[in-house]
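These notes concern the structure reproduced below.
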Amino acid sequence: MKAVSLRFRERDLTLLEALALRVRLVGQRQAADAFWRGHLANTRRRLSQLAENGMVMRSVVNSQPLPELLEPVVRWQPGQPKPAPDRVAFQLQSRWKYRALRPTVVYFPTERTIAQFGGRERSQTKLTQVTHDLGVTAVWLRYSQQDSSMTAMWVGEDILAPTRIDQKLPDAALVDQHGDPRLLIEFGGSYGPVRVEDFHDDAAARGLPYHLW
């Protein structure tokens with residue numbers, strides 16, 4: 001079936017730009033709740049049109065349902081005491097109990113979309129990382145709902161990668177007008193104490209505050 005030329009709406013552009021620059025994928029339900037007021041049928045229809053026009057790719061993958069993400073588990077800034085890795089890891093890991101894998105509809109950006117919005121070529125998302133990437137998207141949506149100006153400040157991992165040679169790569173950062181990180185953002189998933197401590201130590205060494213979700 002030949003694709004019909006689309007007239008992009010503001011929410012289309014916001015979502016496509018986010019997929020190119022800020023997050024790696026979006027869940028169908030996430031998109032519905034954030035952009036279509038929870039109307040799943042309308043979401044499916046529009047995302048299908050975007051897919052037919054070569055802007056996104058649909059996939060069904062196994063992922064764990066995300067816990068409710070209302071606020072960071074840790075908010076840290078230079079000068080504050082180091083969080084206890086064991087305590088933080090317990091908080092992160094305990095929220096995943098009884099969350100079995102289930103089929104989840106997700107959408108990825110195409111190379112065309114990434115190029116159109118000035119993104120960078122990226123490696124294929126690992127299926128084992130889908131839950132983590134959905135968590136990053138959920139955090140981005142949380143910030144954008146709280147303050148829409150944060151959307152422009154949020155730079156995703158794939159855009160940050162070339163600037164973080166021999167440094168740990170956060171999931172995202174809020175940057176200033178010069179593109180310099182001012183706040184690191186990490187979705188902690190079910191990190192253990194070592195990963196929590198490694199992330200903290202890198203941020204502390206760089207003198208950068210962070211939010212660990």
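If you're wondering about the labels, chains in the structure tokens are A, B, ... by order shown, residues count from 1 in each chain, ligands from 1 in order shown.
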**Request:** Identify all residues of region 27-188 of chain A in strand (DSSP E) (DSSP on the backbone) and supply them as a ChimeraX atom specification.
**Result:** /A:27,56-63,74-76,102-109,154-156,172-175,181-186
Any chance you could tabulate, as a Markdown table, the residues of region 54-122 of chain A at most 9 Å from region 18-39 of chain A with each one's nearest atom pair and distance in Å to one decimal, using only C-alpha atoms, in chain and rising number order?
| residue | atom | partner | partner_atom | distance |
| --- | --- | --- | --- | --- |
| A:Val56 | CA | A:Leu19 | CA | 8.9 |
| A:Thr104 | CA | A:Gly27 | CA | 7.2 |
| A:Val105 | CA | A:Gln28 | CA | 5.6 |
| A:Val106 | CA | A:Gly27 | CA | 4.2 |
| A:Tyr107 | CA | A:Val26 | CA | 5.4 |
| A:Phe108 | CA | A:Leu25 | CA | 4.7 |
| A:Pro109 | CA | A:Leu19 | CA | 5.6 |
| A:Thr110 | CA | A:Ala20 | CA | 8.5 |
| A:Glu111 | CA | A:Ala20 | CA | 8.8 |
| A:Thr113 | CA | A:Ala20 | CA | 6.4 |
| A:Ile114 | CA | A:Ala20 | CA | 4.5 |
| A:Ala115 | CA | A:Ala20 | CA | 7.8 |
| A:Gln116 | CA | A:Ala20 | CA | 8.4 |
| A:Phe117 | CA | A:Ala20 | CA | 6.2 |
| A:Gly118 | CA | A:Ala20 | CA | 7.4 |
| A:Gly119 | CA | A:Ala20 | CA | 5.2 |
| A:Arg120 | CA | A:Ala20 | CA | 7.8 |
**Message:** I'd like the contact shell of region 177-185 of chain A - 7 Å cut-off, only C-alpha atoms, skipping same-chain residues fewer than 4 positions apart - returned as a VMD selection string.
**Reply:** chain A and resid 170 to 173 208 to 212
**Asked** Which neighbours of region 61-77 of chain A fall inside 10 Å, counting only C-alpha atoms, when residues of the same chain fewer than 2 positions from it are skipped, and could you give them as JSON, numbers by chain?
**Response** {"A": [58, 59, 79, 80, 81, 82, 83, 88, 89, 91, 92, 95, 96, 97, 98, 99, 100, 101, 102, 103, 104, 105, 106, 127, 128, 129, 130, 131, 132, 133, 134, 135, 138, 139, 142, 143, 183, 184, 185, 186, 187, 188, 189, 200, 203, 204, 207, 208, 209, 210, 211, 212, 213]}
Take the residues from that selection and put them in a file with C-alpha atoms, as a PDB file, in the first residue's frame.
ATOM      1  CA  ARG A  58       6.946  -0.917  15.030  1.00  0.00           C
ATOM      2  CA  SER A  59       8.059  -3.945  16.999  1.00  0.00           C
ATOM      3  CA  GLY A  79      29.003  18.838  48.619  1.00  0.00           C
ATOM      4  CA  GLN A  80      26.362  16.392  49.795  1.00  0.00           C
ATOM      5  CA  PRO A  81      27.238  13.071  51.495  1.00  0.00           C
ATOM      6  CA  LYS A  82      27.684  10.047  49.273  1.00  0.00           C
ATOM      7  CA  PRO A  83      24.504   7.929  49.158  1.00  0.00           C
ATOM      8  CA  VAL A  88      19.963   2.693  47.049  1.00  0.00           C
ATOM      9  CA  ALA A  89      20.334  -0.678  45.307  1.00  0.00           C
ATOM     10  CA  GLN A  91      15.266   0.551  46.732  1.00  0.00           C
ATOM     11  CA  LEU A  92      15.927   0.057  43.024  1.00  0.00           C
ATOM     12  CA  ARG A  95      10.362  -2.252  42.987  1.00  0.00           C
ATOM     13  CA  TRP A  96      10.644  -5.007  40.349  1.00  0.00           C
ATOM     14  CA  LYS A  97       9.063  -7.841  42.339  1.00  0.00           C
ATOM     15  CA  TYR A  98       6.325  -9.738  40.501  1.00  0.00           C
ATOM     16  CA  ARG A  99       6.906  -7.857  37.234  1.00  0.00           C
ATOM     17  CA  ALA A 100       7.171 -10.661  34.689  1.00  0.00           C
ATOM     18  CA  LEU A 101       8.108 -10.074  31.069  1.00  0.00           C
ATOM     19  CA  ARG A 102       5.185  -9.475  28.731  1.00  0.00           C
ATOM     20  CA  PRO A 103       4.759  -8.575  25.037  1.00  0.00           C
ATOM     21  CA  THR A 104       4.991  -4.809  24.574  1.00  0.00           C
ATOM     22  CA  VAL A 105       4.447  -2.740  21.433  1.00  0.00           C
ATOM     23  CA  VAL A 106       7.253  -0.230  20.912  1.00  0.00           C
ATOM     24  CA  LEU A 127      16.324  -6.802  23.275  1.00  0.00           C
ATOM     25  CA  THR A 128      17.593  -7.325  26.820  1.00  0.00           C
ATOM     26  CA  GLN A 129      17.761  -3.538  27.229  1.00  0.00           C
ATOM     27  CA  VAL A 130      14.217  -2.678  26.145  1.00  0.00           C
ATOM     28  CA  THR A 131      12.846  -2.414  29.694  1.00  0.00           C
ATOM     29  CA  HIS A 132      15.688  -0.064  30.594  1.00  0.00           C
ATOM     30  CA  ASP A 133      15.120   2.081  27.504  1.00  0.00           C
ATOM     31  CA  LEU A 134      11.383   2.274  28.225  1.00  0.00           C
ATOM     32  CA  GLY A 135      12.312   3.437  31.723  1.00  0.00           C
ATOM     33  CA  ALA A 138       9.260   7.311  31.109  1.00  0.00           C
ATOM     34  CA  VAL A 139      11.709   9.569  32.946  1.00  0.00           C
ATOM     35  CA  ARG A 142       8.096  12.884  33.546  1.00  0.00           C
ATOM     36  CA  TYR A 143      10.466  15.836  33.136  1.00  0.00           C
ATOM     37  CA  LEU A 183      22.614  17.545  35.482  1.00  0.00           C
ATOM     38  CA  LEU A 184      23.166  13.843  34.794  1.00  0.00           C
ATOM     39  CA  ILE A 185      20.147  11.558  34.589  1.00  0.00           C
ATOM     40  CA  GLU A 186      20.218   7.793  35.008  1.00  0.00           C
ATOM     41  CA  PHE A 187      17.438   5.222  35.089  1.00  0.00           C
ATOM     42  CA  GLY A 188      18.738   2.833  37.710  1.00  0.00           C
ATOM     43  CA  GLY A 189      16.570  -0.106  36.715  1.00  0.00           C
ATOM     44  CA  HIS A 200      28.028   8.195  41.714  1.00  0.00           C
ATOM     45  CA  ALA A 203      29.513  12.119  38.621  1.00  0.00           C
ATOM     46  CA  ALA A 204      31.359  13.210  41.765  1.00  0.00           C
ATOM     47  CA  GLY A 207      31.604  17.709  39.915  1.00  0.00           C
ATOM     48  CA  LEU A 208      28.168  17.163  38.353  1.00  0.00           C
ATOM     49  CA  PRO A 209      24.843  16.749  40.171  1.00  0.00           C
ATOM     50  CA  TYR A 210      22.596  13.857  39.195  1.00  0.00           C
ATOM     51  CA  HIS A 211      19.166  12.314  39.493  1.00  0.00           C
ATOM     52  CA  LEU A 212      19.081   8.531  39.764  1.00  0.00           C
ATOM     53  CA  TRP A 213      15.625   7.139  39.028  1.00  0.00           C
TER      54      TRP A 213
END
**For CA of Ala152 (chain A) and CA of Asp176 (chain A), the interatomic separation in Å (one decimal)** =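 The value is 9.7 Å.
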**Request:** Name the closest residue to Trp140 (chain A) among the candidates A:Pro162, A:Pro85, A:Gly156, A:Gly192; distances are taken between atoms, counting only C-alpha atoms.
**Result:** A:Gly156
